[in-house]
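entry15.tsv (TSV, C-alpha atoms)
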chain	number	residue	atom	x	y	z
S	1068	MET	CA	-49.76	6.49	-20.92
S	1069	PRO	CA	-49.01	7.75	-24.43
S	1070	ILE	CA	-51.91	7.76	-26.93
S	1071	ARG	CA	-51.38	6.67	-30.51
S	1072	ARG	CA	-53.95	7.14	-33.34
S	1073	PHE	CA	-54.56	4.35	-35.91
S	1074	GLY	CA	-57.09	5.28	-38.64
S	1075	GLY	CA	-58.97	7.70	-36.46
S	1076	HIS	CA	-59.10	5.28	-33.48
S	1077	ARG	CA	-57.24	5.93	-30.34
S	1078	SER	CA	-55.32	3.16	-28.57
S	1079	LEU	CA	-53.42	3.10	-25.31
S	1080	VAL	CA	-49.88	1.77	-25.53
S	1081	SER	CA	-48.01	1.16	-22.32
S	1082	GLN	CA	-44.30	1.92	-22.14
S	1083	THR	CA	-42.39	-1.33	-21.98
S	1084	PRO	CA	-39.08	-1.23	-20.10
S	1085	LYS	CA	-35.94	-2.16	-22.04
S	1086	LEU	CA	-34.83	-5.72	-21.50
S	1087	SER	CA	-31.35	-6.34	-20.11
S	1088	TYR	CA	-31.31	-10.05	-21.12
S	1089	GLY	CA	-29.77	-10.95	-17.78
S	1090	TYR	CA	-26.43	-9.16	-18.39
S	1091	PRO	CA	-24.99	-7.12	-15.52
S	1092	LYS	CA	-24.66	-3.40	-16.00
S	1093	MET	CA	-21.29	-2.16	-17.17
S	1094	ASN	CA	-19.28	-0.53	-14.40
S	1095	VAL	CA	-18.30	2.87	-15.77
S	1096	SER	CA	-16.49	4.02	-12.62
S	1097	ARG	CA	-12.74	3.96	-12.17
S	1098	SER	CA	-11.36	0.45	-12.46
S	1099	GLY	CA	-9.78	-1.36	-9.52
S	1100	TYR	CA	-6.13	-2.02	-8.92
S	1101	ARG	CA	-3.91	-4.87	-7.83
S	1102	VAL	CA	-0.46	-4.93	-6.25
S	1103	PHE	CA	1.91	-7.76	-7.20
S	1104	SER	CA	5.43	-8.68	-6.13
S	1105	ALA	CA	7.82	-9.57	-8.96
S	1106	ASN	CA	10.36	-11.28	-6.70
S	1107	SER	CA	10.80	-15.02	-6.26
S	1108	SER	CA	12.90	-14.47	-3.12
S	1109	VAL	CA	10.94	-14.38	0.14
S	1110	ALA	CA	13.26	-11.75	1.63
S	1111	CYS	CA	12.44	-9.38	-1.24
S	1112	THR	CA	8.68	-9.57	-0.69
S	1113	GLU	CA	8.86	-7.90	2.74
S	1114	LEU	CA	8.60	-4.38	1.33
S	1115	ALA	CA	5.64	-5.42	-0.86
S	1116	ARG	CA	3.89	-6.84	2.22
S	1117	LYS	CA	4.35	-3.58	4.16
S	1118	ILE	CA	3.03	-1.50	1.26
S	1119	THR	CA	-0.10	-3.62	0.85
S	1120	GLU	CA	-0.76	-3.47	4.60
S	1121	ARG	CA	-0.69	0.32	4.47
S	1122	LEU	CA	-3.00	0.32	1.44
S	1123	GLY	CA	-5.40	-2.14	3.08
S	1124	VAL	CA	-5.32	-4.56	0.13
S	1125	GLU	CA	-4.09	-8.08	-0.38
S	1126	LEU	CA	-0.98	-8.89	-2.36
S	1127	GLY	CA	-1.90	-10.13	-5.83
S	1128	LYS	CA	-1.90	-13.88	-6.38
S	1129	SER	CA	0.99	-14.88	-8.59
S	1130	VAL	CA	3.84	-17.36	-8.70
S	1131	VAL	CA	7.35	-16.32	-9.73
S	1132	TYR	CA	9.98	-19.04	-9.87
S	1133	GLN	CA	13.01	-20.38	-11.68
S	1134	GLU	CA	12.71	-23.62	-13.61
S	1135	SER	CA	15.35	-26.34	-13.48
S	1136	ASN	CA	17.08	-24.82	-16.52
S	1137	SER	CA	17.16	-21.38	-14.76
S	1138	GLU	CA	14.46	-19.90	-16.98
S	1139	THR	CA	12.07	-17.46	-15.27
S	1140	ARG	CA	8.39	-18.35	-15.21
S	1141	VAL	CA	5.50	-16.19	-14.00
S	1142	ASP	CA	1.94	-17.39	-13.44
S	1143	VAL	CA	-0.71	-14.77	-12.63
S	1144	LYS	CA	-3.47	-16.48	-10.62
S	1145	GLU	CA	-6.25	-13.86	-10.91
S	1146	SER	CA	-7.92	-11.64	-13.50
S	1147	VAL	CA	-6.29	-8.26	-14.15
S	1148	ARG	CA	-8.36	-7.18	-17.16
S	1149	GLY	CA	-8.96	-3.43	-17.26
S	1150	GLN	CA	-7.21	-2.75	-13.95
S	1151	ASP	CA	-4.26	-0.67	-12.79
S	1152	ILE	CA	-1.47	-3.09	-11.85
S	1153	PHE	CA	1.43	-2.11	-9.59
S	1154	ILE	CA	4.48	-4.39	-9.65
S	1155	ILE	CA	6.81	-4.01	-6.66
S	1156	LEU	CA	10.40	-5.05	-7.32
S	1157	THR	CA	13.15	-4.94	-4.72
S	1158	ILE	CA	16.62	-5.79	-5.95
S	1159	PRO	CA	18.36	-8.78	-4.30
S	1160	ARG	CA	21.99	-9.79	-4.75
S	1161	ASP	CA	21.15	-11.38	-8.11
S	1162	VAL	CA	20.27	-8.21	-10.00
S	1163	ASN	CA	19.88	-9.75	-13.44
S	1164	THR	CA	17.42	-12.41	-12.26
S	1165	ALA	CA	15.28	-9.73	-10.61
S	1166	ILE	CA	15.20	-7.68	-13.82
S	1167	MET	CA	14.13	-10.73	-15.82
S	1168	GLU	CA	11.38	-11.49	-13.30
S	1169	LEU	CA	10.04	-7.95	-13.70
S	1170	LEU	CA	10.13	-8.10	-17.50
S	1171	VAL	CA	8.37	-11.46	-17.68
S	1172	MET	CA	5.69	-10.42	-15.18
S	1173	ALA	CA	5.05	-7.10	-16.95
S	1174	TYR	CA	4.65	-8.87	-20.27
S	1175	ALA	CA	2.33	-11.49	-18.72
S	1176	LEU	CA	0.13	-8.70	-17.33
S	1177	LYS	CA	0.19	-6.86	-20.65
S	1178	THR	CA	-1.03	-9.91	-22.53
S	1179	SER	CA	-3.70	-10.38	-19.82
S	1180	CYS	CA	-5.22	-7.00	-20.83
S	1181	ALA	CA	-4.19	-4.95	-17.77
S	1182	LYS	CA	-5.17	-1.31	-18.21
S	1183	ASN	CA	-1.96	0.25	-16.83
S	1184	ILE	CA	1.21	-1.44	-15.57
S	1185	ILE	CA	3.18	0.64	-13.07
S	1186	GLY	CA	6.56	-0.55	-11.84
S	1187	VAL	CA	7.43	0.30	-8.23
S	1188	ILE	CA	11.22	-0.01	-8.26
S	1189	PRO	CA	12.62	1.85	-5.21
S	1190	TYR	CA	16.24	1.15	-6.18
S	1191	PHE	CA	16.64	1.32	-9.95
S	1192	PRO	CA	19.35	-1.15	-11.05
S	1193	TYR	CA	22.21	-0.19	-13.35
S	1194	SER	CA	21.67	3.47	-12.40
S	1195	LYS	CA	25.43	3.95	-12.06
S	1196	GLN	CA	25.87	3.01	-15.71
S	1197	CYS	CA	24.13	6.12	-16.99
S	1198	LYS	CA	27.16	7.73	-18.64
S	1199	MET	CA	29.36	6.68	-21.52
S	1200	ARG	CA	32.67	5.28	-20.26
S	1201	LYS	CA	35.49	4.07	-22.47
S	1202	ARG	CA	33.89	2.10	-25.31
S	1203	GLY	CA	31.06	0.70	-23.24
S	1204	SER	CA	27.37	1.51	-23.29
S	1205	ILE	CA	24.73	3.36	-21.30
S	1206	VAL	CA	23.06	0.28	-19.83
S	1207	CYS	CA	20.50	2.36	-17.96
S	1208	LYS	CA	19.07	3.55	-21.29
S	1209	LEU	CA	18.91	-0.04	-22.54
S	1210	LEU	CA	17.01	-1.12	-19.43
S	1211	SER	CA	14.48	1.70	-19.81
S	1212	SER	CA	13.76	0.58	-23.39
S	1213	MET	CA	13.32	-3.03	-22.27
S	1214	LEU	CA	10.81	-2.02	-19.59
S	1215	ALA	CA	8.77	-0.02	-22.09
S	1216	LYS	CA	8.78	-2.90	-24.55
S	1217	ALA	CA	7.64	-5.33	-21.83
S	1218	GLY	CA	4.55	-3.19	-21.23
S	1219	LEU	CA	5.29	-0.81	-18.34
S	1220	THR	CA	3.50	2.53	-18.61
S	1221	HIS	CA	4.82	4.30	-15.49
S	1222	ILE	CA	7.58	3.90	-12.90
S	1223	ILE	CA	7.82	4.89	-9.24
S	1224	THR	CA	11.40	4.94	-7.98
S	1225	MET	CA	13.42	6.66	-5.27
S	1226	ASP	CA	16.60	8.75	-5.33
S	1227	LEU	CA	17.97	7.91	-8.76
S	1228	HIS	CA	21.76	8.04	-8.91
S	1229	GLN	CA	21.42	10.80	-11.51
S	1230	LYS	CA	18.13	12.64	-11.95
S	1231	GLU	CA	18.77	12.94	-15.68
S	1232	ILE	CA	18.04	9.19	-15.96
S	1233	GLN	CA	14.35	10.14	-16.13
S	1234	GLY	CA	15.00	11.43	-19.64
S	1235	PHE	CA	15.81	7.89	-20.83
S	1236	PHE	CA	12.19	6.79	-20.43
S	1237	SER	CA	9.34	7.20	-22.91
S	1238	PHE	CA	6.74	7.16	-20.09
S	1239	PRO	CA	6.32	9.06	-16.78
S	1240	VAL	CA	8.80	8.51	-13.93
S	1241	ASP	CA	8.15	9.64	-10.34
S	1242	ASN	CA	11.48	9.94	-8.55
S	1243	LEU	CA	10.54	10.06	-4.86
S	1244	ARG	CA	12.92	11.26	-2.12
S	1245	ALA	CA	13.96	9.55	1.09
S	1246	SER	CA	15.46	12.69	2.64
S	1247	PRO	CA	12.42	13.52	4.82
S	1248	PHE	CA	12.69	10.11	6.51
S	1249	LEU	CA	16.46	10.38	7.00
S	1250	ILE	CA	16.17	13.92	8.35
S	1251	GLN	CA	13.49	12.76	10.77
S	1252	TYR	CA	15.84	9.99	11.93
S	1253	ILE	CA	18.60	12.54	12.54
S	1254	GLN	CA	16.29	14.73	14.60
S	1255	GLU	CA	14.80	11.91	16.67
S	1256	GLU	CA	17.57	9.31	16.99
S	1257	ILE	CA	20.86	11.23	17.11
S	1258	PRO	CA	21.40	12.85	20.51
S	1259	ASP	CA	22.68	16.41	20.38
S	1260	TYR	CA	22.29	16.56	16.59
S	1261	ARG	CA	22.44	20.36	16.84
S	1262	ASN	CA	26.18	19.90	17.36
S	1263	ALA	CA	26.50	17.99	14.09
S	1264	VAL	CA	27.90	18.95	10.71
S	1265	ILE	CA	26.74	17.52	7.38
S	1266	VAL	CA	29.63	16.09	5.34
S	1267	ALA	CA	29.92	15.44	1.60
S	1268	LYS	CA	32.48	12.72	0.91
S	1269	SER	CA	33.35	14.35	-2.43
S	1270	PRO	CA	32.73	17.69	-4.15
S	1271	SER	CA	30.19	16.01	-6.46
S	1272	ALA	CA	28.03	15.18	-3.40
S	1273	ALA	CA	28.17	18.73	-2.02
S	1274	LYS	CA	24.75	19.78	-3.36
S	1275	ARG	CA	22.96	16.93	-1.62
S	1276	ALA	CA	24.83	17.65	1.61
S	1277	GLN	CA	24.02	21.36	1.33
S	1278	SER	CA	20.31	20.56	1.03
S	1279	TYR	CA	20.41	18.49	4.24
S	1280	ALA	CA	22.44	21.15	6.06
S	1281	GLU	CA	20.03	23.95	5.13
S	1282	ARG	CA	16.94	22.06	6.29
S	1283	LEU	CA	18.58	20.99	9.55
S	1284	ARG	CA	20.18	24.43	10.09
S	1285	LEU	CA	23.61	22.81	10.42
S	1286	GLY	CA	27.10	23.47	9.11
S	1287	LEU	CA	28.60	21.92	5.98
S	1288	ALA	CA	31.94	20.23	5.33
S	1289	VAL	CA	33.34	18.72	2.13
S	1290	LEU	CA	36.07	16.12	1.71
S	1291	HIS	CA	38.42	16.68	-1.21
S	1292	GLY	CA	41.56	14.87	-2.23
S	1293	GLU	CA	43.14	11.76	-3.64
S	1294	ALA	CA	41.22	9.30	-1.45
S	1295	HIS	CA	38.22	9.73	-3.76
S	1296	HIS	CA	38.49	8.83	-7.43
S	1297	SER	CA	35.63	10.32	-9.38
S	1298	GLU	CA	33.98	8.54	-12.30
S	1299	SER	CA	34.94	11.52	-14.45
S	1300	ASP	CA	38.63	10.61	-14.04
S	1301	MET	CA	38.27	7.28	-15.82
S	1302	THR	CA	39.83	6.94	-19.25
S	1303	ASP	CA	37.18	7.06	-21.93
S	1304	GLY	CA	39.36	6.91	-25.06
S	1305	ARG	CA	38.98	10.55	-26.00
S	1306	HIS	CA	42.71	11.27	-25.60
S	1307	SER	CA	43.72	9.10	-28.58
S	1308	PRO	CA	46.54	10.75	-30.55
S	1309	PRO	CA	46.04	11.87	-34.16
S	1310	LEU	CA	47.14	9.68	-37.07
S	1311	SER	CA	50.84	9.30	-37.48
S	1312	ARG	CA	52.52	11.26	-40.27
S	1313	THR	CA	54.58	8.24	-41.27
S	1314	THR	CA	53.27	4.89	-42.39
S	1315	SER	CA	55.12	1.64	-42.19
S	1316	GLY	CA	54.07	-1.66	-43.68
S	1317	HIS	CA	55.38	-5.16	-43.97
S	1318	THR	CA	54.21	-5.82	-47.53
S	1319	GLY	CA	56.86	-3.73	-49.24
S	1320	LEU	CA	54.16	-1.69	-50.99
S	1321	GLU	CA	53.92	2.06	-50.59
S	1322	LEU	CA	50.78	4.04	-51.33
S	1323	PRO	CA	50.97	7.16	-53.47
S	1324	SER	CA	51.34	10.31	-51.42
S	1325	SER	CA	47.90	11.53	-52.51
S	1326	THR	CA	46.21	8.42	-51.03
S	1327	ARG	CA	48.13	8.13	-47.79
S	1328	PRO	CA	45.97	8.58	-44.68
S	1329	HIS	CA	47.95	11.51	-43.43
S	1330	ALA	CA	47.57	13.27	-46.74
S	1331	LEU	CA	43.80	12.86	-46.80
S	1332	PHE	CA	43.30	13.56	-43.09
S	1333	PRO	CA	46.21	15.60	-41.78
S	1334	GLY	CA	46.75	15.29	-38.03
S	1335	ILE	CA	45.76	18.24	-35.86
S	1336	GLU	CA	48.34	19.59	-33.48
S	1337	LEU	CA	46.49	20.05	-30.19
S	1338	PRO	CA	47.92	21.89	-27.20
S	1339	MET	CA	49.25	19.60	-24.51
S	1340	MET	CA	46.80	19.03	-21.65
S	1341	MET	CA	48.21	19.07	-18.15
S	1342	ALA	CA	47.49	15.88	-16.21
S	1343	LYS	CA	45.17	16.21	-13.22
S	1344	GLU	CA	46.85	15.78	-9.88
S	1345	LYS	CA	44.68	15.67	-6.79
S	1346	PRO	CA	46.00	17.17	-3.58
S	1347	PRO	CA	46.23	15.12	-0.37
S	1348	ILE	CA	42.82	14.58	1.15
S	1349	THR	CA	41.58	17.61	3.02
S	1350	VAL	CA	38.45	18.59	4.91
S	1351	VAL	CA	36.92	21.89	3.84
S	1352	GLY	CA	35.03	22.96	6.95
S	1353	ASP	CA	35.31	22.56	10.71
S	1354	VAL	CA	34.45	19.14	12.20
S	1355	GLY	CA	36.45	19.38	15.43
S	1356	GLY	CA	34.40	18.40	18.49
S	1357	ARG	CA	31.32	17.75	16.36
S	1358	ILE	CA	29.17	14.87	15.11
S	1359	ALA	CA	29.93	14.18	11.42
S	1360	ILE	CA	26.99	12.99	9.29
S	1361	ILE	CA	27.96	11.82	5.80
S	1362	VAL	CA	25.03	11.77	3.33
S	1363	ASP	CA	24.83	10.04	-0.04
S	1364	ASP	CA	22.31	8.31	-2.29
S	1365	MET	CA	23.73	4.80	-1.90
S	1366	ILE	CA	26.36	2.85	-0.02
S	1367	ASP	CA	27.77	-0.14	-1.85
S	1368	ASP	CA	31.56	-0.39	-1.70
S	1369	VAL	CA	32.25	1.10	1.73
S	1370	SER	CA	36.01	1.65	1.32
S	1371	GLU	CA	35.55	5.35	0.53
S	1372	PHE	CA	33.27	5.84	3.53
S	1373	VAL	CA	35.76	4.06	5.80
S	1374	ALA	CA	38.61	6.28	4.55
S	1375	ALA	CA	36.45	9.38	5.03
S	1376	ALA	CA	35.61	8.32	8.60
S	1377	GLU	CA	39.28	7.95	9.45
S	1378	ILE	CA	40.06	11.45	8.18
S	1379	LEU	CA	37.12	12.93	10.09
S	1380	LYS	CA	38.26	11.22	13.29
S	1381	GLU	CA	41.74	12.67	12.81
S	1382	ARG	CA	40.19	16.12	12.40
S	1383	GLY	CA	38.36	15.87	15.71
S	1384	ALA	CA	34.90	14.49	14.95
S	1385	TYR	CA	33.81	12.39	17.94
S	1386	LYS	CA	30.95	10.52	16.24
S	1387	ILE	CA	30.44	9.56	12.62
S	1388	TYR	CA	27.12	8.62	10.99
S	1389	ILE	CA	26.45	7.64	7.40
S	1390	MET	CA	23.03	8.30	5.86
S	1391	ALA	CA	22.13	6.73	2.52
S	1392	THR	CA	18.93	5.82	0.72
S	1393	HIS	CA	20.03	2.52	-0.80
S	1394	GLY	CA	22.04	0.12	1.35
S	1395	LEU	CA	23.52	-2.31	-1.17
S	1396	LEU	CA	26.37	-3.20	1.22
S	1397	SER	CA	28.07	-5.61	-1.15
S	1398	ALA	CA	30.93	-8.02	-0.52
S	1399	GLU	CA	32.76	-7.39	2.78
S	1400	ALA	CA	30.86	-4.20	3.62
S	1401	PRO	CA	29.42	-5.38	6.99
S	1402	ARG	CA	32.84	-6.48	8.28
S	1403	LEU	CA	34.57	-3.30	7.11
S	1404	ILE	CA	31.92	-1.14	8.77
S	1405	GLU	CA	32.18	-3.08	12.02
S	1406	GLU	CA	35.96	-2.65	12.12
S	1407	SER	CA	35.96	1.03	11.09
S	1408	ALA	CA	35.57	4.32	12.93
S	1409	ILE	CA	31.98	4.60	11.71
S	1410	ASP	CA	29.50	4.62	14.61
S	1411	GLU	CA	26.29	3.98	12.66
S	1412	VAL	CA	25.10	3.40	9.10
S	1413	VAL	CA	21.46	4.35	8.42
S	1414	VAL	CA	19.79	3.15	5.20
S	1415	THR	CA	16.21	2.66	4.02
S	1416	ASN	CA	14.52	-0.63	3.16
S	1417	THR	CA	14.55	-0.05	-0.60
S	1418	VAL	CA	17.03	-2.95	-0.79
S	1419	PRO	CA	16.79	-6.01	1.51
S	1420	HIS	CA	19.78	-6.18	3.88
S	1421	GLU	CA	18.67	-8.30	6.83
S	1422	VAL	CA	21.68	-10.61	6.46
S	1423	GLN	CA	24.07	-7.65	6.62
S	1424	LYS	CA	22.35	-6.36	9.76
S	1425	LEU	CA	22.97	-9.69	11.47
S	1426	GLN	CA	26.66	-9.39	10.59
S	1427	CYS	CA	26.98	-5.76	11.70
S	1428	PRO	CA	24.81	-4.23	14.45
S	1429	LYS	CA	25.88	-0.74	13.37
S	1430	ILE	CA	23.48	-0.92	10.39
S	1431	LYS	CA	20.05	0.61	11.05
S	1432	THR	CA	16.96	0.67	8.81
S	1433	VAL	CA	14.39	3.37	8.08
S	1434	ASP	CA	11.05	2.25	6.62
S	1435	VAL	CA	9.89	4.15	3.50
S	1436	SER	CA	6.85	1.99	2.67
S	1437	MET	CA	4.58	4.88	3.73
S	1438	ILE	CA	5.54	7.17	0.86
S	1439	LEU	CA	5.52	4.33	-1.69
S	1440	ALA	CA	2.00	3.32	-0.62
S	1441	GLU	CA	0.81	6.92	-0.84
S	1442	ALA	CA	2.31	7.25	-4.33
S	1443	ILE	CA	0.41	4.14	-5.45
S	1444	ARG	CA	-2.85	5.48	-4.03
S	1445	ARG	CA	-2.45	8.89	-5.66
S	1446	ILE	CA	-1.53	7.51	-9.07
S	1447	HIS	CA	-4.50	5.13	-9.08
S	1448	ASN	CA	-6.92	7.89	-8.02
S	1449	GLY	CA	-5.48	10.40	-10.48
S	1450	GLU	CA	-4.38	12.79	-7.72
S	1451	SER	CA	-1.44	15.18	-7.84
S	1452	MET	CA	1.94	13.91	-6.68
S	1453	ALA	CA	3.09	17.39	-5.65
S	1454	TYR	CA	2.22	16.73	-2.00
S	1455	LEU	CA	4.94	14.08	-1.83
S	1456	PHE	CA	7.55	16.61	-2.99
S	1457	ARG	CA	6.68	19.48	-0.66
S	1458	ASN	CA	9.74	21.19	0.84
S	1459	ILE	CA	11.95	18.92	-1.27
S	1460	ALA	CA	14.95	20.63	-2.83
S	1461	VAL	CA	15.94	19.90	-6.42
S	1462	ASP	CA	19.39	18.77	-5.26
S	1463	ASP	CA	18.10	16.11	-2.85
Show me the file's structure as structure tokens.
Amino acid sequence: MPIRRFGGHRSLVSQTPKLSYGYPKMNVSRSGYRVFSANSSVACTELARKITERLGVELGKSVVYQESNSETRVDVKESVRGQDIFIILTIPRDVNTAIMELLVMAYALKTSCAKNIIGVIPYFPYSKQCKMRKRGSIVCKLLSSMLAKAGLTHIITMDLHQKEIQGFFSFPVDNLRASPFLIQYIQEEIPDYRNAVIVAKSPSAAKRAQSYAERLRLGLAVLHGEAHHSESDMTDGRHSPPLSRTTSGHTGLELPSSTRPHALFPGIELPMMMAKEKPPITVVGDVGGRIAIIVDDMIDDVSEFVAAAEILKERGAYKIYIMATHGLLSAEAPRLIEESAIDEVVVTNTVPHEVQKLQCPKIKTVDVSMILAEAIRRIHNGESMAYLFRNIAVDD
């Protein structure tokens, strides 16, 4: 015991432990995490269920529903204070409702003092509207700003339509790849795949097809011609002619020559641009007597794929497969696939398509919940994501 002296006398003073007043000790270790589904549709929660099963956790308790006036309401049924929250959103047919459900849930978690809010959005909506067309807008940029304002601090997605979309965000974006799962399907489920050739349905998709061909040690073919109309061919208003050198009015008034528009801003004589004219559709590469495997990031309107399959059949391909990450399969896609020369369409479960599979048995599904669950685990534990991108080419 310590000895204290008071006026020449010695006294023994015992050390008294500090009182905790009954409060529990503060947990200074890494906070926990919760996984929520932002979808009100039961079909859209299937991917969230598979991810939580792989993580060994329960799906967070919340209620997402539409009121009688179609307003979205979210009720979080458990505490999220100081935790990492992962919101899984799969896009149903009603895209705009799903986006609103995500925004409302993210804001509800933000106001409930969640530490980090990470959106797991395997198929990022409006990703095709990432370029300026005509006098429209870049909706993808608008959506990224809305997500940041709602409280998201990170996004996990898969195979963005354009990789440059990541630059729209003010927070980190992990753009995972589905190509390892699709390549594994080719190797295990397509008999005699060594006799196959990877096909790009347009020159703009050639880099992705080349990446698949190099990893599978297969040949490459590219479709080119008038059957495909690229987004770059759309009119965007930049061919407007210069101001006319003559002005005509109906008021009977004539401006002085010094104030006429053509005097202030004289028109520029530009050289005439030759109009683009695409040749008849051709196949660059040999597909005769081979299996043709068309690869792309998404399959929505299948008319281009159906036309490509017909050309490949005419050129001698005896089986035709389509591999895509996102199977949107809108409108009459299942019927058109069933009636076409396509033998099989393989997509991942980033978008629910169980109804389309019932309508067309040619549609097959590859599960990618494994890589999404691993991404969640690594982000929560602060581990590197590089392992998930090993052997992944930039052009995938």
Selected residue, from S:Gly1099, S:Ser1278, S:Ser1271, S:Phe1372, that lies nearest to Val1461 in chain S when counting only C-alpha atoms: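 Checking each candidate against Val1461 in chain S, we get S:Ser1278 as the closest.
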Neighbour residues at most 12 Å from (17.0, 2.8, -2.4) (all atoms listed in the file) as an MDAnalysis selection string: chainID S and resid 1114 1156:1159 1187:1192 1194 1223:1228 1242:1246 1363:1367 1390:1396 1413:1420 1432:1436 1439
Residue nearest Asp1151 in chain S - candidates S:Arg1275, S:Leu1219, S:Asp1259, S:Leu1249, atoms counted: only C-alpha atoms: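 Counting only C-alpha atoms, the residue closest to Asp1151 in chain S is S:Leu1219.
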Minimum-distance residue to Leu1170 in chain S, chosen among S:Glu1281, S:Glu1134, S:Val1206, S:Ala1217 (using all atoms listed in the file): S:Ala1217
Proximity to Asn1183 in chain S - best of S:Arg1101, S:Lys1216, S:Lys1117, S:Arg1284, only C-alpha atoms: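 Checking each of S:Arg1101, S:Lys1216, S:Lys1117, S:Arg1284 against Asn1183 in chain S, counting only C-alpha atoms, the winner is S:Arg1101.
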Length of the CA of Ile1387 in chain S to CA of Ile1361 in chain S vector [Å]: 7.6 Å
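Among the candidate residues S:Pro1338, S:Gly1449, S:Gly1292, S:Gly1286, the one lying nearest to Asp1353 in chain S is S:Gly1286, with distances computed using all atoms listed in the file.
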Between CA of Ala1374 in chain S and CA of Glu1406 in chain S, distance in Å (one decimal):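 Interatomic distance here is 12.0 Å.
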Point-to-point distance from CA of Ser1269 in chain S to CA of Lys1230 in chain S, Å rounded to tenths: 18.0 Å
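Residue nearest Lys1386 in chain S within the list S:Gln1423, S:Asn1106, S:Asn1136, S:Asn1262: S:Asn1262 [criterion: smallest interatomic distance, all atoms listed in the file].
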Please report, as a tab-separated table, each residue of range 1216-1273 of chain S lying at most 12 Å from range 1379-1383 of chain S, together with the nearest pair of atoms and the separation in Å rounded to one decimal; use all atoms listed in the file, and order rows by chain and ascending residue number.
residue	atom	partner	partner_atom	distance
S:Val1264	CA	S:Leu1379	CA	11.0
S:Ile1265	CA	S:Leu1379	CA	11.7
S:Val1266	CA	S:Leu1379	CA	9.4
S:Ala1267	CA	S:Leu1379	CA	11.4
S:Lys1268	CA	S:Leu1379	CA	10.3
Put a box with edges along x, y and z around all the listed atoms of range 1365-1383 of chain S, pad it by 6 Å on each side, then give me its centre and sizes in Å, one decimal, as JSON.
{"center_x": 32.7, "center_y": 7.9, "center_z": 6.9, "size_x": 30.0, "size_y": 28.5, "size_z": 29.6}
Residue neighbourhood Glu1138 in chain S, 10 Å, only C-alpha atoms, exclusion window fewer than 5 positions, as number ranges by chain: S: 1132-1133, 1164, 1167-1168
Contacts of Ser1146 in chain S within 12 Å, all atoms listed in the file, excl. fewer than 6 positions in-chain, as a list in words: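 These residues fall inside the cut-off: Gly1099, Tyr1100, Arg1101, Gly1127, Lys1128, Ser1129, Ile1152, Ala1175, Leu1176, Lys1177, Thr1178, Ser1179, Cys1180, Ala1181 and Lys1182 of chain S.
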Now that the selection is made, can you save its residues with C-alpha atoms as a compact mmCIF listing (two decimals), keeping the file's coordinate frame?
# COMPACT_ATOMS: atom_id res chain seq x y z
CA GLY S 1099 -9.78 -1.36 -9.52
CA TYR S 1100 -6.13 -2.02 -8.92
CA ARG S 1101 -3.91 -4.87 -7.83
CA GLY S 1127 -1.90 -10.13 -5.83
CA LYS S 1128 -1.90 -13.88 -6.38
CA SER S 1129 0.99 -14.88 -8.59
CA ILE S 1152 -1.47 -3.09 -11.85
CA ALA S 1175 2.33 -11.49 -18.72
CA LEU S 1176 0.13 -8.70 -17.33
CA LYS S 1177 0.19 -6.86 -20.65
CA THR S 1178 -1.03 -9.91 -22.53
CA SER S 1179 -3.70 -10.38 -19.82
CA CYS S 1180 -5.22 -7.00 -20.83
CA ALA S 1181 -4.19 -4.95 -17.77
CA LYS S 1182 -5.17 -1.31 -18.21
Would you mind putting N, CA and C atoms back on range 1356-1365 of chain S and writing the result as a compact mmCIF listing (two decimals), in the frame of the given file?
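Output file rebuild18.txt is given in full below:
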# COMPACT_ATOMS: atom_id res chain seq x y z
N GLY S 1356 35.34 18.43 17.37
CA GLY S 1356 34.40 18.40 18.49
C GLY S 1356 32.95 18.31 18.07
N ARG S 1357 32.69 17.82 16.87
CA ARG S 1357 31.32 17.75 16.36
C ARG S 1357 30.96 16.31 15.93
N ILE S 1358 29.67 16.12 15.69
CA ILE S 1358 29.17 14.87 15.11
C ILE S 1358 29.19 15.04 13.59
N ALA S 1359 29.85 14.13 12.88
CA ALA S 1359 29.93 14.18 11.42
C ALA S 1359 28.88 13.24 10.83
N ILE S 1360 28.04 13.78 9.95
CA ILE S 1360 26.99 12.99 9.29
C ILE S 1360 27.24 13.04 7.79
N ILE S 1361 27.70 11.92 7.24
CA ILE S 1361 27.96 11.82 5.80
C ILE S 1361 26.67 11.39 5.10
N VAL S 1362 26.26 12.11 4.06
CA VAL S 1362 25.03 11.77 3.33
C VAL S 1362 25.36 11.44 1.89
N ASP S 1363 24.65 10.44 1.35
CA ASP S 1363 24.83 10.04 -0.04
C ASP S 1363 23.58 9.31 -0.49
N ASP S 1364 23.50 8.99 -1.79
CA ASP S 1364 22.31 8.31 -2.29
C ASP S 1364 22.39 6.80 -2.12
N MET S 1365 23.60 6.23 -2.10
CA MET S 1365 23.73 4.80 -1.90
C MET S 1365 25.07 4.48 -1.25
